[in-house]
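Text of the file work_30.txt, holding compact mmCIF, C-alpha atoms and all ligand atoms:
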```txt
# COMPACT_ATOMS: atom_id res chain seq x y z
CA MET A 1 -9.86 40.51 -28.66
CA PHE A 2 -7.61 40.10 -31.68
CA ASP A 3 -9.80 39.08 -34.59
CA ASP A 4 -8.58 40.57 -37.87
CA ARG A 5 -9.91 38.27 -40.57
CA PRO A 6 -12.27 35.75 -38.98
CA TYR A 7 -14.16 34.93 -42.19
CA ASP A 8 -11.53 35.24 -44.92
CA GLU A 9 -9.81 32.44 -46.75
CA ASN A 10 -6.98 32.34 -44.24
CA PRO A 11 -8.71 33.38 -41.05
CA THR A 12 -6.62 34.76 -38.25
CA GLY A 13 -7.42 35.89 -34.77
CA THR A 14 -8.14 34.65 -31.27
CA PHE A 15 -10.99 32.18 -31.36
CA PHE A 16 -12.78 30.91 -28.27
CA ASN A 17 -14.68 28.24 -30.14
CA ARG A 18 -13.22 26.78 -33.31
CA VAL A 19 -15.58 24.69 -35.37
CA GLN A 20 -13.59 22.10 -37.25
CA THR A 21 -15.25 20.59 -40.30
CA TYR A 22 -14.48 17.16 -41.69
CA GLU A 23 -15.80 15.09 -44.52
CA ILE A 24 -16.09 11.47 -43.46
CA GLY A 25 -16.99 8.26 -45.21
CA THR A 26 -16.28 7.19 -48.76
CA PHE A 27 -17.91 8.86 -51.74
CA PRO A 28 -20.83 8.82 -52.34
CA ASN A 29 -21.59 7.80 -48.76
CA THR A 30 -20.00 10.85 -47.22
CA GLU A 31 -21.22 13.28 -44.63
CA THR A 32 -19.96 16.56 -43.28
CA LEU A 33 -19.08 16.62 -39.62
CA HIS A 34 -18.84 19.92 -37.73
CA PHE A 35 -16.94 19.60 -34.50
CA PRO A 36 -17.05 22.63 -32.16
CA LYS A 37 -14.11 22.80 -29.81
CA SER A 38 -13.60 25.23 -26.96
CA CYS A 39 -12.15 25.04 -23.46
CA LEU A 40 -13.81 22.10 -21.72
CA HIS A 41 -13.25 23.49 -18.20
CA CYS A 42 -11.57 20.32 -17.02
CA GLU A 43 -11.89 19.18 -13.42
CA GLU A 44 -8.21 18.24 -13.52
CA PRO A 45 -6.90 20.91 -15.92
CA PRO A 46 -3.29 20.31 -16.95
CA CYS A 47 -3.09 23.93 -18.11
CA VAL A 48 -3.20 25.21 -14.52
CA PRO A 49 -0.22 23.62 -12.68
CA VAL A 50 2.19 24.41 -15.52
CA CYS A 51 1.53 28.14 -15.33
CA PRO A 52 4.57 29.76 -13.69
CA THR A 53 2.79 32.92 -12.57
CA GLY A 54 -0.56 31.61 -11.34
CA ALA A 55 -2.31 33.39 -14.19
CA SER A 56 -4.12 30.19 -15.11
CA TYR A 57 -6.45 29.13 -12.37
CA LYS A 58 -9.55 27.12 -11.63
CA ARG A 59 -12.23 28.76 -9.52
CA THR A 60 -13.15 26.79 -6.42
CA GLU A 61 -16.73 28.09 -6.32
CA ASP A 62 -17.85 26.86 -9.75
CA GLY A 63 -14.91 25.07 -11.40
CA ILE A 64 -14.55 27.56 -14.26
CA VAL A 65 -10.98 27.72 -15.58
CA LEU A 66 -9.80 31.26 -16.29
CA VAL A 67 -6.72 33.31 -17.10
CA ASP A 68 -5.76 36.42 -15.14
CA TYR A 69 -4.45 38.61 -17.96
CA ASN A 70 -2.60 40.85 -15.49
CA LYS A 71 -0.44 37.92 -14.39
CA CYS A 72 0.04 36.26 -17.79
CA ILE A 73 3.54 36.64 -19.25
CA GLY A 74 2.67 34.91 -22.52
CA CYS A 75 5.04 31.96 -22.07
CA LYS A 76 2.49 29.59 -23.69
CA TYR A 77 3.25 26.69 -21.36
CA CYS A 78 -0.48 26.22 -20.84
CA SER A 79 -1.19 25.87 -24.54
CA TRP A 80 1.37 23.08 -24.71
CA ALA A 81 -0.24 21.40 -21.70
CA CYS A 82 -3.84 21.57 -22.91
CA PRO A 83 -4.47 18.32 -24.80
CA TYR A 84 -7.50 19.77 -26.57
CA GLY A 85 -5.83 22.74 -28.22
CA ALA A 86 -8.25 25.09 -26.52
CA ARG A 87 -5.85 27.91 -25.68
CA GLU A 88 -5.46 30.87 -27.99
CA PHE A 89 -2.63 33.35 -27.79
CA ASP A 90 -3.68 36.94 -28.38
CA GLU A 91 -0.92 38.30 -30.61
CA LYS A 92 -1.91 41.90 -29.98
CA GLN A 93 -2.28 41.84 -26.22
CA LYS A 94 0.42 39.16 -25.82
CA VAL A 95 -1.58 37.16 -23.31
CA MET A 96 -3.17 33.72 -23.39
CA LYS A 97 -6.91 33.55 -23.85
CA LYS A 98 -9.63 30.95 -24.14
CA CYS A 99 -13.32 30.42 -23.54
CA THR A 100 -14.36 31.98 -20.23
CA LEU A 101 -17.78 30.31 -20.19
CA CYS A 102 -19.00 33.91 -20.44
CA VAL A 103 -18.39 34.15 -16.70
CA ASP A 104 -19.47 37.79 -16.67
CA ARG A 105 -22.73 37.03 -18.40
CA ILE A 106 -23.85 33.91 -16.52
CA TYR A 107 -23.71 35.78 -13.18
CA ASP A 108 -25.13 39.06 -14.49
CA GLN A 109 -28.07 39.76 -12.17
CA SER A 110 -29.36 42.46 -14.52
CA LEU A 111 -30.24 39.78 -17.08
CA PRO A 112 -33.38 37.66 -16.86
CA PRO A 113 -32.49 34.24 -15.43
CA ASN A 114 -33.14 32.46 -18.72
CA GLU A 115 -30.56 34.68 -20.42
CA ARG A 116 -27.77 34.01 -17.92
CA LYS A 117 -26.13 31.58 -20.30
CA PRO A 118 -22.97 31.69 -22.44
CA ALA A 119 -23.33 33.58 -25.69
CA CYS A 120 -22.74 30.42 -27.77
CA VAL A 121 -25.65 28.69 -26.04
CA MET A 122 -27.92 31.69 -26.55
CA SER A 123 -27.03 32.14 -30.21
CA CYS A 124 -26.96 28.56 -31.48
CA PRO A 125 -29.81 28.40 -34.03
CA THR A 126 -30.41 24.69 -33.49
CA SER A 127 -30.06 24.63 -29.69
CA ALA A 128 -27.20 22.20 -30.06
CA ARG A 129 -25.60 23.60 -26.91
CA LEU A 130 -26.90 23.18 -23.38
CA PHE A 131 -25.70 24.91 -20.24
CA GLY A 132 -26.01 23.95 -16.60
CA ASP A 133 -24.44 22.36 -13.54
CA VAL A 134 -23.00 19.01 -14.48
CA HIS A 135 -22.83 18.05 -10.77
CA ASP A 136 -26.56 18.64 -10.25
CA PRO A 137 -28.21 15.34 -11.22
CA SER A 138 -31.48 17.11 -12.00
CA SER A 139 -29.99 19.79 -14.26
CA GLU A 140 -30.81 19.89 -17.97
CA VAL A 141 -27.26 18.94 -18.88
CA SER A 142 -27.10 16.01 -16.46
CA LEU A 143 -30.38 14.67 -17.82
CA ALA A 144 -29.12 15.01 -21.40
CA ILE A 145 -25.86 13.26 -20.55
CA ARG A 146 -27.70 10.38 -18.87
CA GLU A 147 -30.47 10.00 -21.40
CA ARG A 148 -28.50 10.60 -24.59
CA GLY A 149 -25.21 9.00 -23.69
CA GLY A 150 -23.10 12.13 -23.25
CA TYR A 151 -19.38 11.49 -23.10
CA GLN A 152 -16.15 13.27 -22.25
CA LEU A 153 -13.52 13.88 -24.87
CA MET A 154 -10.47 11.63 -24.45
CA PRO A 155 -11.21 10.45 -20.88
CA GLU A 156 -7.99 8.42 -20.94
CA TRP A 157 -6.06 11.66 -20.39
CA GLY A 158 -7.57 12.01 -16.90
CA THR A 159 -8.51 15.65 -17.37
CA LYS A 160 -12.19 15.01 -16.55
CA PRO A 161 -13.68 17.72 -18.78
CA ALA A 162 -16.84 19.30 -17.41
CA ASN A 163 -18.06 19.84 -20.96
CA HIS A 164 -19.57 16.72 -22.49
CA TYR A 165 -20.47 15.88 -26.07
CA LEU A 166 -23.76 14.27 -27.01
CA PRO A 167 -23.74 11.64 -29.75
CA ARG A 168 -25.23 12.84 -32.98
CA HIS A 169 -28.63 11.60 -33.96
CA LYS A 170 -28.16 8.94 -36.60
CA THR A 171 -28.55 10.50 -40.00
CA ARG A 172 -29.53 8.86 -43.24
CA LEU A 173 -29.32 9.94 -46.83
CA ARG A 174 -32.68 11.43 -47.66
CA ILE A 175 -32.15 11.78 -51.39
CA HIS A 176 -34.34 9.49 -53.42
CA GLU A 177 -32.48 7.50 -56.03
CA ASP A 178 -34.40 9.24 -58.80
CA GLU A 179 -32.94 12.56 -57.68
CA LEU A 180 -29.44 11.27 -58.35
CA VAL A 181 -30.19 10.72 -62.03
CA ARG A 182 -29.80 14.00 -63.86
CA ALA A 183 -29.26 14.87 -67.45
CA ASN A 184 -25.76 16.16 -68.19
CA ASN A 185 -24.58 15.11 -64.77
CA PRO A 186 -20.79 15.48 -64.96
CA LEU A 187 -20.32 13.25 -61.92
CA LYS A 188 -22.48 10.55 -63.46
CA LYS A 189 -24.06 9.89 -60.10
CA GLU A 190 -26.56 7.54 -61.70
CA ASP A 191 -23.71 5.09 -62.06
CA ILE A 192 -23.22 4.83 -58.35
CA ARG A 193 -26.84 4.59 -57.23
CA HIS A 194 -26.31 1.04 -56.06
CA GLU A 195 -23.82 2.25 -53.47
CA THR A 196 -26.11 4.70 -51.70
CA SER A 197 -27.92 2.18 -49.56
CA LYS A 198 -25.09 1.92 -47.06
CA GLU A 199 -25.76 4.01 -43.96
CA VAL A 200 -23.18 6.35 -42.52
CA SER A 201 -22.85 6.69 -38.79
CA LEU A 202 -20.91 9.76 -37.71
CA ASP A 203 -20.66 8.57 -34.16
CA ASP A 204 -18.59 5.61 -35.23
CA TRP A 205 -15.93 8.16 -36.17
CA LEU A 206 -16.15 10.14 -32.97
CA MET A 207 -16.30 7.61 -30.19
S1 LIG B 301 -9.70 22.22 -22.13
FE1 LIG B 301 -7.52 22.80 -22.06
S2 LIG B 301 -7.55 24.97 -21.49
FE2 LIG B 301 -9.56 24.16 -20.94
S3 LIG B 301 -9.38 23.52 -18.78
FE3 LIG B 301 -8.95 21.71 -20.07
S4 LIG B 301 -6.71 21.69 -20.27
FE4 LIG B 301 -7.27 23.78 -19.58
S1 LIG B 302 0.88 31.84 -21.22
FE1 LIG B 302 0.10 32.97 -19.42
S2 LIG B 302 -1.53 31.65 -18.58
FE2 LIG B 302 -0.29 30.37 -19.98
S3 LIG B 302 1.25 29.37 -18.70
FE3 LIG B 302 2.21 31.27 -19.48
S4 LIG B 302 1.76 32.82 -17.92
FE4 LIG B 302 0.38 31.10 -17.51
```

Since I need it in another form, could you write the structure as structure tokens?
Amino acid sequence: MFDDRPYDENPTGTFFNRVQTYEIGTFPNTETLHFPKSCLHCEEPPCVPVCPTGASYKRTEDGIVLVDYNKCIGCKYCSWACPYGAREFDEKQKVMKKCTLCVDRIYDQSLPPNERKPACVMSCPTSARLFGDVHDPSSEVSLAIRERGGYQLMPEWGTKPANHYLPRHKTRLRIHEDELVRANNPLKKEDIRHETSKEVSLDDWLM
């Protein structure tokens, strides 16, 4: 996979999961929002019917959307059709790529069952990602969606993404007012202490 400078100032490469970072709110009531975005494995994927060679396809057995690199001619129609910007053109191999849901890993019988999960789920240090069958009402993901108000991204587009997002837990500023008063503070934060009582809700920005 083409990935020359993933961590430099101007990163380049083929990314399966871009984490976009935003600052939201008005200073000093700002928060940083990290928004991971990969292929959502839509139930009605607009990237599939536009593909002229059949390289883009959705598996009937599990709904995973994949690209057959042997059939891909690199026309990029699918990246125009995907409303989530999930497709990534590999400039070296000249084929379209995207998240595969680690399809090789999740069916690998040589792995213990609890490790048959996508690499992003396994590696997330805060367990922010869950993996399971969204059509099984008793699965971990279905329970999380029901109990925590999981939602699909841009449902008005009719793509019915299998991947859901869970609302963030409400966060509050935990800095005591005294901590904002510092000697030689160039930002003079002590002058804006009265403004810090307002709560910031990240979900108001997302939903
Ligand atoms: S997120 Fe984009 S690339 Fe993935 S299945 Fe949906 S339309 Fe296709
Ligand atoms: S870039 Fe490849 S997968 Fe995408 S539409 Fe063209 S042939 Fe199909």

May I ask you to write as a PDB file with C-alpha atoms, in the coordinates of the input all residues lying at most 6 Å from ligand LIG 301 (chain B), with all atoms listed in the file counted?
```
ATOM      1  CA  CYS A  39     -12.150  25.040 -23.460  1.00  0.00           C
ATOM      2  CA  LEU A  40     -13.810  22.100 -21.720  1.00  0.00           C
ATOM      3  CA  HIS A  41     -13.250  23.490 -18.200  1.00  0.00           C
ATOM      4  CA  CYS A  42     -11.570  20.320 -17.020  1.00  0.00           C
ATOM      5  CA  PRO A  45      -6.900  20.910 -15.920  1.00  0.00           C
ATOM      6  CA  PRO A  46      -3.290  20.310 -16.950  1.00  0.00           C
ATOM      7  CA  CYS A  47      -3.090  23.930 -18.110  1.00  0.00           C
ATOM      8  CA  VAL A  65     -10.980  27.720 -15.580  1.00  0.00           C
ATOM      9  CA  CYS A  82      -3.840  21.570 -22.910  1.00  0.00           C
ATOM     10  CA  TYR A  84      -7.500  19.770 -26.570  1.00  0.00           C
ATOM     11  CA  ALA A  86      -8.250  25.090 -26.520  1.00  0.00           C
ATOM     12  CA  ARG A  87      -5.850  27.910 -25.680  1.00  0.00           C
TER      13      ARG A  87
END
```

Report task. Grab me every residue within 12 Å of ligand LIG 302 (chain B), counting all atoms listed in the file, and send it over as number ranges by chain. Result -> A: 46-58, 65-82, 86-91, 93-98

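Of the listed residues (A:Asn17, A:Ser142, A:Thr159, A:Thr12), A:Asn17 comes nearest to Pro118 of chain A; the distances count all atoms listed in the file.
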
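You will find atom CA of Pro167 of chain A at 21.8 Å from atom CA of Leu101 of chain A.
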
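We find atom CA of Gly132 of chain A and atom CA of Asp62 of chain A to be spaced 11.0 Å apart.
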
Report task. Give me, please, the distance in Å between atom CA of Ser38 of chain A and atom CA of Phe131 of chain A, quoted to one decimal. Result -> 13.8 Å

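For the choices A:Cys120, A:Leu111, A:Ile64, A:Ile24, the atom-to-atom distance to Ala162 of chain A is smallest for A:Ile64 when using all atoms listed in the file.
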
Query raised in the report: Which residues, written as a PyMOL selection string, have at least one atom at most 10 Å from His34 of chain A, with all atoms listed in the file counted and residues fewer than 4 positions away on the same chain left out?
Result: chain A and resi 18-23

Requested in this report: Write out as an MDAnalysis selection string each polymer residue whose atoms come within 12 Å of Leu143 of chain A, counting only C-alpha atoms; drop sequence neighbours fewer than 5 positions from it.
Outcome: chainID A and resid 130:138 148:150 164 166

Query - Residues within 7 Å of Asp3 of chain A, all atoms listed in the file, excluding chain neighbours under 3 positions, as a PyMOL selection string - result: chain A and resi 6+12-14

Preceding selection exported with C-alpha atoms as an mmCIF file, in the coordinates of the input:
```cif
data_model
loop_
_atom_site.group_PDB
_atom_site.id
_atom_site.type_symbol
_atom_site.label_atom_id
_atom_site.label_comp_id
_atom_site.auth_asym_id
_atom_site.auth_seq_id
_atom_site.Cartn_x
_atom_site.Cartn_y
_atom_site.Cartn_z
ATOM 1 C CA PRO A 6 -12.270 35.750 -38.980
ATOM 2 C CA THR A 12 -6.620 34.760 -38.250
ATOM 3 C CA GLY A 13 -7.420 35.890 -34.770
ATOM 4 C CA THR A 14 -8.140 34.650 -31.270
#
```
